[in-house]
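Text of the file entry-v8.cif, holding mmCIF, N, CA and C atoms:
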data_start
loop_
_atom_site.label_atom_id
_atom_site.label_comp_id
_atom_site.auth_asym_id
_atom_site.auth_seq_id
_atom_site.Cartn_x
_atom_site.Cartn_y
_atom_site.Cartn_z
N MET J 1 0.84 -1.17 0.00
CA MET J 1 0.00 0.00 0.00
C MET J 1 0.89 1.24 0.00
N VAL J 2 0.69 2.11 -0.95
CA VAL J 2 1.47 3.34 -1.07
C VAL J 2 0.61 4.50 -0.59
N ILE J 3 1.13 5.25 0.35
CA ILE J 3 0.42 6.41 0.87
C ILE J 3 1.12 7.64 0.34
N ARG J 4 0.37 8.47 -0.35
CA ARG J 4 0.94 9.70 -0.89
C ARG J 4 0.59 10.86 0.02
N MET J 5 1.57 11.70 0.25
CA MET J 5 1.35 12.87 1.09
C MET J 5 0.94 14.04 0.22
N SER J 6 -0.09 14.73 0.61
CA SER J 6 -0.48 15.91 -0.14
C SER J 6 0.57 17.00 0.07
N GLN J 7 0.54 17.99 -0.78
CA GLN J 7 1.51 19.08 -0.67
C GLN J 7 1.34 19.81 0.66
N ARG J 8 0.10 19.96 1.11
CA ARG J 8 -0.15 20.62 2.39
C ARG J 8 0.40 19.79 3.54
N ASP J 9 0.20 18.48 3.49
CA ASP J 9 0.72 17.60 4.54
C ASP J 9 2.25 17.60 4.55
N ALA J 10 2.85 17.63 3.37
CA ALA J 10 4.31 17.67 3.29
C ALA J 10 4.83 18.97 3.90
N HIS J 11 4.15 20.08 3.60
CA HIS J 11 4.56 21.36 4.18
C HIS J 11 4.40 21.33 5.70
N TYR J 12 3.27 20.78 6.17
CA TYR J 12 3.03 20.70 7.61
C TYR J 12 4.12 19.86 8.28
N ARG J 13 4.47 18.76 7.67
CA ARG J 13 5.50 17.88 8.24
C ARG J 13 6.85 18.59 8.29
N LEU J 14 7.12 19.41 7.27
CA LEU J 14 8.37 20.15 7.24
C LEU J 14 8.43 21.18 8.36
N VAL J 15 7.30 21.78 8.68
CA VAL J 15 7.29 22.83 9.68
C VAL J 15 7.21 22.27 11.10
N THR J 16 6.75 21.07 11.25
CA THR J 16 6.70 20.50 12.60
C THR J 16 8.12 20.25 13.08
N ARG J 17 8.23 20.04 14.33
CA ARG J 17 9.56 19.89 14.93
C ARG J 17 10.34 18.74 14.30
N SER J 18 9.73 17.59 14.17
CA SER J 18 10.45 16.45 13.59
C SER J 18 10.72 16.66 12.11
N GLY J 19 9.79 17.35 11.44
CA GLY J 19 10.00 17.62 10.02
C GLY J 19 11.18 18.53 9.79
N ILE J 20 11.34 19.55 10.62
CA ILE J 20 12.48 20.45 10.48
C ILE J 20 13.77 19.70 10.77
N GLY J 21 13.75 18.86 11.78
CA GLY J 21 14.94 18.07 12.10
C GLY J 21 15.35 17.17 10.95
N GLU J 22 14.37 16.54 10.33
CA GLU J 22 14.65 15.68 9.18
C GLU J 22 15.18 16.50 8.00
N PHE J 23 14.56 17.66 7.79
CA PHE J 23 15.00 18.54 6.70
C PHE J 23 16.45 18.99 6.91
N VAL J 24 16.76 19.44 8.12
CA VAL J 24 18.11 19.89 8.44
C VAL J 24 19.10 18.73 8.30
N ALA J 25 18.71 17.55 8.75
CA ALA J 25 19.58 16.38 8.64
C ALA J 25 19.88 16.04 7.18
N ARG J 26 18.88 16.20 6.31
CA ARG J 26 19.11 15.93 4.89
C ARG J 26 20.00 16.99 4.25
N VAL J 27 19.75 18.26 4.58
CA VAL J 27 20.52 19.35 3.98
C VAL J 27 21.98 19.29 4.42
N PHE J 28 22.20 19.01 5.70
CA PHE J 28 23.56 19.00 6.25
C PHE J 28 24.13 17.60 6.40
N ALA J 29 23.66 16.65 5.63
CA ALA J 29 24.14 15.27 5.73
C ALA J 29 25.66 15.16 5.54
N PRO J 30 26.27 15.81 4.53
CA PRO J 30 27.73 15.69 4.40
C PRO J 30 28.48 16.28 5.60
N GLU J 31 27.97 17.37 6.14
CA GLU J 31 28.63 17.99 7.30
C GLU J 31 28.49 17.11 8.54
N ILE J 32 27.34 16.47 8.67
CA ILE J 32 27.13 15.57 9.80
C ILE J 32 28.05 14.35 9.67
N ARG J 33 28.17 13.81 8.45
CA ARG J 33 29.10 12.69 8.22
C ARG J 33 30.53 13.11 8.54
N ALA J 34 30.89 14.33 8.16
CA ALA J 34 32.24 14.82 8.45
C ALA J 34 32.46 14.92 9.96
N TRP J 35 31.50 15.48 10.68
CA TRP J 35 31.61 15.62 12.13
C TRP J 35 31.76 14.26 12.80
N ARG J 36 31.09 13.26 12.26
CA ARG J 36 31.16 11.90 12.83
C ARG J 36 32.41 11.14 12.39
N GLY J 37 33.19 11.74 11.48
CA GLY J 37 34.39 11.07 10.99
C GLY J 37 34.11 10.07 9.90
N GLN J 38 33.02 10.22 9.19
CA GLN J 38 32.60 9.25 8.18
C GLN J 38 32.81 9.75 6.75
N GLU J 39 33.39 10.92 6.58
CA GLU J 39 33.59 11.50 5.25
C GLU J 39 35.04 11.29 4.84
N ARG J 40 35.29 11.36 3.53
CA ARG J 40 36.67 11.23 3.04
C ARG J 40 37.48 12.44 3.52
N LEU J 41 38.72 12.19 3.92
CA LEU J 41 39.57 13.25 4.45
C LEU J 41 39.79 14.37 3.45
N TRP J 42 40.04 14.03 2.20
CA TRP J 42 40.34 15.07 1.22
C TRP J 42 39.18 16.05 1.07
N LYS J 43 37.94 15.56 1.14
CA LYS J 43 36.79 16.46 1.03
C LYS J 43 36.74 17.44 2.20
N VAL J 44 36.91 16.91 3.39
CA VAL J 44 36.82 17.76 4.58
C VAL J 44 37.98 18.74 4.61
N PHE J 45 39.19 18.25 4.34
CA PHE J 45 40.38 19.10 4.42
C PHE J 45 40.37 20.18 3.35
N TRP J 46 40.18 19.78 2.10
CA TRP J 46 40.32 20.74 1.00
C TRP J 46 39.07 21.58 0.78
N LEU J 47 37.88 20.97 0.85
CA LEU J 47 36.66 21.73 0.56
C LEU J 47 36.21 22.57 1.75
N TYR J 48 36.07 21.95 2.91
CA TYR J 48 35.61 22.69 4.08
C TYR J 48 36.74 23.47 4.73
N GLY J 49 37.92 22.89 4.77
CA GLY J 49 39.05 23.56 5.43
C GLY J 49 39.66 24.65 4.58
N VAL J 50 40.27 24.27 3.50
CA VAL J 50 41.05 25.23 2.70
C VAL J 50 40.16 26.15 1.87
N ALA J 51 39.26 25.59 1.07
CA ALA J 51 38.47 26.42 0.14
C ALA J 51 37.52 27.36 0.88
N THR J 52 36.71 26.83 1.79
CA THR J 52 35.74 27.68 2.48
C THR J 52 36.43 28.70 3.38
N SER J 53 37.48 28.28 4.07
CA SER J 53 38.21 29.23 4.91
C SER J 53 38.83 30.33 4.07
N SER J 54 39.31 30.00 2.89
CA SER J 54 39.89 31.01 2.01
C SER J 54 38.84 32.04 1.59
N VAL J 55 37.64 31.58 1.31
CA VAL J 55 36.56 32.50 0.94
C VAL J 55 36.23 33.41 2.12
N LEU J 56 36.12 32.83 3.32
CA LEU J 56 35.83 33.65 4.50
C LEU J 56 36.93 34.67 4.76
N ILE J 57 38.16 34.27 4.57
CA ILE J 57 39.29 35.19 4.76
C ILE J 57 39.26 36.31 3.71
N ALA J 58 38.92 35.95 2.48
CA ALA J 58 38.83 36.97 1.43
C ALA J 58 37.74 37.99 1.75
N VAL J 59 36.61 37.52 2.26
CA VAL J 59 35.53 38.44 2.65
C VAL J 59 36.00 39.31 3.81
N TYR J 60 36.74 38.72 4.74
CA TYR J 60 37.25 39.50 5.87
C TYR J 60 38.22 40.59 5.38
N VAL J 61 39.11 40.24 4.47
CA VAL J 61 40.05 41.23 3.93
C VAL J 61 39.29 42.35 3.23
N PHE J 62 38.26 42.00 2.47
CA PHE J 62 37.43 43.02 1.83
C PHE J 62 36.81 43.94 2.89
N ALA J 63 36.26 43.35 3.95
CA ALA J 63 35.65 44.15 5.02
C ALA J 63 36.69 45.03 5.70
N PHE J 64 37.91 44.55 5.80
CA PHE J 64 39.00 45.33 6.38
C PHE J 64 39.34 46.53 5.50
N VAL J 65 39.44 46.28 4.19
CA VAL J 65 39.80 47.34 3.24
C VAL J 65 38.73 48.43 3.20
N VAL J 66 37.47 48.04 3.22
CA VAL J 66 36.40 49.04 3.16
C VAL J 66 35.97 49.50 4.56
N GLU J 67 36.70 49.09 5.56
CA GLU J 67 36.51 49.53 6.95
C GLU J 67 35.10 49.26 7.48
N ARG J 68 34.66 48.05 7.35
CA ARG J 68 33.36 47.61 7.89
C ARG J 68 33.61 46.82 9.17
N VAL J 69 33.66 47.52 10.29
CA VAL J 69 34.01 46.91 11.57
C VAL J 69 32.95 45.89 11.99
N ALA J 70 31.68 46.21 11.82
CA ALA J 70 30.61 45.29 12.23
C ALA J 70 30.67 43.99 11.42
N LEU J 71 30.93 44.10 10.12
CA LEU J 71 31.05 42.91 9.28
C LEU J 71 32.26 42.09 9.70
N ARG J 72 33.36 42.76 10.00
CA ARG J 72 34.55 42.05 10.46
C ARG J 72 34.26 41.29 11.75
N GLN J 73 33.57 41.93 12.69
CA GLN J 73 33.26 41.27 13.96
C GLN J 73 32.32 40.09 13.73
N THR J 74 31.35 40.25 12.85
CA THR J 74 30.43 39.16 12.53
C THR J 74 31.18 37.99 11.92
N LEU J 75 32.11 38.28 11.03
CA LEU J 75 32.90 37.21 10.41
C LEU J 75 33.75 36.48 11.44
N VAL J 76 34.32 37.20 12.39
CA VAL J 76 35.11 36.56 13.44
C VAL J 76 34.21 35.64 14.27
N ILE J 77 33.02 36.12 14.60
CA ILE J 77 32.08 35.32 15.39
C ILE J 77 31.67 34.06 14.62
N CYS J 78 31.53 34.15 13.31
CA CYS J 78 31.18 32.98 12.49
C CYS J 78 32.38 32.09 12.23
N PHE J 79 33.54 32.70 12.02
CA PHE J 79 34.74 31.95 11.66
C PHE J 79 35.23 31.05 12.80
N ALA J 80 35.11 31.51 14.02
CA ALA J 80 35.62 30.73 15.16
C ALA J 80 34.93 29.38 15.31
N PRO J 81 33.59 29.32 15.39
CA PRO J 81 32.97 27.99 15.51
C PRO J 81 33.10 27.16 14.24
N TYR J 82 33.09 27.82 13.08
CA TYR J 82 33.26 27.08 11.83
C TYR J 82 34.64 26.41 11.81
N THR J 83 35.65 27.14 12.22
CA THR J 83 36.99 26.56 12.25
C THR J 83 37.08 25.44 13.26
N ALA J 84 36.45 25.60 14.41
CA ALA J 84 36.44 24.52 15.40
C ALA J 84 35.78 23.27 14.82
N TRP J 85 34.65 23.45 14.13
CA TRP J 85 33.98 22.32 13.50
C TRP J 85 34.89 21.66 12.47
N THR J 86 35.55 22.47 11.66
CA THR J 86 36.44 21.95 10.62
C THR J 86 37.60 21.17 11.23
N LEU J 87 38.20 21.72 12.26
CA LEU J 87 39.35 21.05 12.89
C LEU J 87 38.94 19.70 13.48
N VAL J 88 37.81 19.67 14.17
CA VAL J 88 37.34 18.40 14.73
C VAL J 88 37.02 17.42 13.61
N SER J 89 36.38 17.89 12.56
CA SER J 89 36.01 17.01 11.45
C SER J 89 37.24 16.46 10.74
N VAL J 90 38.24 17.31 10.50
CA VAL J 90 39.47 16.83 9.86
C VAL J 90 40.13 15.79 10.75
N TRP J 91 40.20 16.05 12.04
CA TRP J 91 40.84 15.10 12.97
C TRP J 91 40.11 13.75 12.93
N ARG J 92 38.79 13.80 12.99
CA ARG J 92 38.02 12.56 13.02
C ARG J 92 38.06 11.81 11.69
N CYS J 93 38.20 12.52 10.58
CA CYS J 93 38.24 11.88 9.26
C CYS J 93 39.65 11.49 8.83
N ALA J 94 40.64 11.73 9.68
CA ALA J 94 42.03 11.48 9.30
C ALA J 94 42.31 10.01 8.98
N ASN J 95 41.51 9.10 9.46
CA ASN J 95 41.73 7.68 9.17
C ASN J 95 41.12 7.26 7.84
N ASN J 96 40.35 8.14 7.22
CA ASN J 96 39.66 7.80 5.97
C ASN J 96 40.54 8.11 4.76
N VAL J 97 41.69 7.47 4.72
CA VAL J 97 42.65 7.67 3.64
C VAL J 97 43.22 6.31 3.22
N ARG J 98 43.77 6.26 2.03
CA ARG J 98 44.41 5.01 1.58
C ARG J 98 45.77 4.81 2.24
N GLU J 99 46.52 5.91 2.34
CA GLU J 99 47.85 5.84 2.97
C GLU J 99 47.80 6.62 4.29
N GLN J 100 48.20 5.98 5.36
CA GLN J 100 48.12 6.59 6.69
C GLN J 100 48.97 7.84 6.82
N PHE J 101 49.97 8.00 5.96
CA PHE J 101 50.81 9.20 6.00
C PHE J 101 49.95 10.46 5.92
N TRP J 102 48.92 10.44 5.03
CA TRP J 102 48.08 11.61 4.84
C TRP J 102 47.24 11.91 6.08
N GLY J 103 46.80 10.87 6.75
CA GLY J 103 46.05 11.07 7.99
C GLY J 103 46.91 11.66 9.09
N VAL J 104 48.13 11.17 9.21
CA VAL J 104 49.06 11.71 10.21
C VAL J 104 49.40 13.16 9.87
N LEU J 105 49.67 13.44 8.61
CA LEU J 105 49.97 14.80 8.18
C LEU J 105 48.78 15.73 8.45
N ALA J 106 47.56 15.26 8.17
CA ALA J 106 46.36 16.07 8.40
C ALA J 106 46.22 16.39 9.89
N ARG J 107 46.49 15.43 10.76
CA ARG J 107 46.39 15.67 12.20
C ARG J 107 47.47 16.64 12.66
N PHE J 108 48.67 16.51 12.13
CA PHE J 108 49.74 17.46 12.48
C PHE J 108 49.34 18.87 12.04
N LEU J 109 48.85 19.00 10.82
CA LEU J 109 48.44 20.30 10.31
C LEU J 109 47.24 20.84 11.08
N THR J 110 46.39 19.97 11.58
CA THR J 110 45.24 20.39 12.37
C THR J 110 45.69 21.05 13.67
N VAL J 111 46.69 20.47 14.32
CA VAL J 111 47.22 21.06 15.56
C VAL J 111 47.83 22.43 15.25
N ALA J 112 48.63 22.50 14.20
CA ALA J 112 49.24 23.78 13.81
C ALA J 112 48.16 24.80 13.43
N TRP J 113 47.15 24.35 12.71
CA TRP J 113 46.04 25.20 12.30
C TRP J 113 45.29 25.74 13.51
N ALA J 114 45.10 24.91 14.52
CA ALA J 114 44.40 25.34 15.74
C ALA J 114 45.17 26.44 16.45
N PHE J 115 46.48 26.24 16.63
CA PHE J 115 47.30 27.28 17.28
C PHE J 115 47.29 28.57 16.46
N ASN J 116 47.44 28.45 15.17
CA ASN J 116 47.44 29.61 14.29
C ASN J 116 46.11 30.35 14.38
N THR J 117 45.01 29.63 14.38
CA THR J 117 43.68 30.24 14.46
C THR J 117 43.50 30.99 15.77
N ILE J 118 43.91 30.39 16.87
CA ILE J 118 43.79 31.04 18.18
C ILE J 118 44.58 32.34 18.20
N ILE J 119 45.80 32.30 17.72
CA ILE J 119 46.64 33.50 17.71
C ILE J 119 46.02 34.58 16.82
N ILE J 120 45.60 34.20 15.64
CA ILE J 120 45.01 35.18 14.72
C ILE J 120 43.73 35.77 15.30
N LEU J 121 42.85 34.93 15.84
CA LEU J 121 41.60 35.44 16.39
C LEU J 121 41.84 36.39 17.56
N VAL J 122 42.82 36.10 18.40
CA VAL J 122 43.14 36.99 19.52
C VAL J 122 43.60 38.35 18.99
N PHE J 123 44.53 38.35 18.04
CA PHE J 123 45.03 39.62 17.53
C PHE J 123 43.99 40.38 16.70
N VAL J 124 43.18 39.67 15.95
CA VAL J 124 42.12 40.33 15.20
C VAL J 124 41.12 40.96 16.15
N GLU J 125 40.77 40.24 17.21
CA GLU J 125 39.82 40.78 18.18
C GLU J 125 40.41 41.98 18.91
N ILE J 126 41.68 41.93 19.26
CA ILE J 126 42.33 43.10 19.87
C ILE J 126 42.27 44.29 18.92
N ASN J 127 42.54 44.05 17.65
CA ASN J 127 42.47 45.11 16.65
C ASN J 127 41.07 45.69 16.55
N LEU J 128 40.06 44.83 16.53
CA LEU J 128 38.68 45.30 16.45
C LEU J 128 38.28 46.10 17.68
N ILE J 129 38.68 45.64 18.85
CA ILE J 129 38.33 46.35 20.09
C ILE J 129 39.02 47.71 20.13
N THR J 130 40.30 47.76 19.82
CA THR J 130 41.01 49.04 19.85
C THR J 130 40.48 49.98 18.77
N HIS J 131 40.16 49.44 17.60
CA HIS J 131 39.60 50.27 16.53
C HIS J 131 38.28 50.89 16.98
N TYR J 132 37.45 50.09 17.63
CA TYR J 132 36.15 50.57 18.10
C TYR J 132 36.32 51.65 19.17
N TYR J 133 37.18 51.43 20.15
CA TYR J 133 37.32 52.38 21.24
C TYR J 133 38.08 53.65 20.83
N LEU J 134 38.99 53.53 19.89
CA LEU J 134 39.68 54.72 19.41
C LEU J 134 38.77 55.58 18.53
N ARG J 135 37.82 54.93 17.90
CA ARG J 135 36.91 55.64 17.01
C ARG J 135 35.83 56.36 17.79
N TYR J 136 35.36 55.78 18.89
CA TYR J 136 34.26 56.36 19.65
C TYR J 136 34.79 56.80 20.97
#

Rewrite the structure of this file - the entire thing - as C-alpha cells.
Amino acid sequence: MVIRMSQRDAHYRLVTRSGIGEFVARVFAPEIRAWRGQERLWKVFWLYGVATSSVLIAVYVFAFVVERVALRQTLVICFAPYTAWTLVSVWRCANNVREQFWGVLARFLTVAWAFNTIIILVFVEINLITHYYLRY
C-alpha cells in the first residue's frame, strides 16, 4: 500500500519539529558525516578547510579594506565555531585515507592550524576592540 502525502501535509511535516529536524539532517548530511568522521579526508580538508576558509578570509580582507568593523566582527564570530567544527572534522576523518601518511599529516596540520587560528583570532579581536574604542 502506497500512501501519498499531499503538498499541504508535506509542508506541515516540514514545519513541525520532527519535520524540520529531518530537513536539516538531509541538507547538512555531508557535514554531519564529516563531524562523525565518516567523510573522506580530502573532502573535509580541501573543501571545508582550505576552500571555504579562504573564501571567509577573502571576505574579511574586503571588510577590512572598506573599513566595515561590524562585518569584520560578525565574520570573526562565524569563523571561530566554523573553524572549530572543521578542525574536529578533519581530525576525526584522518583515518579515511588510503595511505596513513596523509592522515598523520592532516592531524599534524590540524594542531598547527588550531594554534594559528587562536593567535590570529586573539590579535584580530584586539584590533577590532582598539579600533572601536579609538573611534568612539

Draw an axis-aligned box tight on the listed atoms of region 121-135 of chain J, then pad every side by 8 Å and write out centre and edge lengths in Å to one decimal as lines of an AutoDock Vina configuration file.
center_x = 40.4
center_y = 45.6
center_z = 18.2
size_x = 25.2
size_y = 37.4
size_z = 22.0

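Using only N, CA and C atoms, the nearest neighbour of Cys93 (chain J) within the list J:Val50, J:Ile118, J:Leu71, J:Ala34 is J:Ala34.
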
**Request:** Pick out the closest residue to Trp46 (chain J) from this set: J:Ile120, J:Thr86, J:Ala112, J:Val97. Count only C-alpha atoms.
**Result:** J:Thr86

**Prompt:** Interatomic distance between CA of Ala51 (chain J) and CA of Ile126 (chain J)?
**Reply:**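 Between CA of Ala51 (chain J) and CA of Ile126 (chain J) the gap is 26.1 Å.
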
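Interatomic distance, CA of Phe108 (chain J) to CA of Val90 (chain J): 10.6 Å.
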
**Request:** Run DSSP on the backbone and grab whatever in chain J lands in alpha helix (DSSP H); send it over as a VMD selection string.
**Result:** chain J and resid 7 to 15 17 to 27 29 to 35 41 to 42 52 to 65 69 to 93 100 to 135

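For the residues J:Trp91, J:Arg72, J:Val124, J:Trp85, ranking by smallest atom-to-atom distance to Thr110 (chain J) using all atoms listed in the file places J:Trp91 first.
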
**Message:** Please enumerate the residues selected by the PyMOL selection byres (((chain J and resi 37 and name CA) around 10) and name CA) when evaluated against the supplied file, formatted as a VMD selection string.
**Reply:** chain J and resid 31 to 36 38 to 41 44 88 to 96

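When you apply the PyMOL selection byres (((chain J and resi 121 and name CA) around 12) and name CA) to this structure, what comes back is Ile57, Arg72, Gln73, Leu75, Val76, Ile77, Cys78, Phe79, Ala80, Pro81, Thr83, Trp113, Ala114, Phe115, Asn116, Thr117, Ile118, Ile119, Ile120, Val122, Phe123, Val124, Glu125, Ile126, Asn127, Leu128 and Ile129 of chain J.
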
**Request:** In Å, rounded to a single decimal, give me how far CA of Phe23 (chain J) is from CA of Val55 (chain J).
**Result:**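 Interatomic distance here is 26.3 Å.
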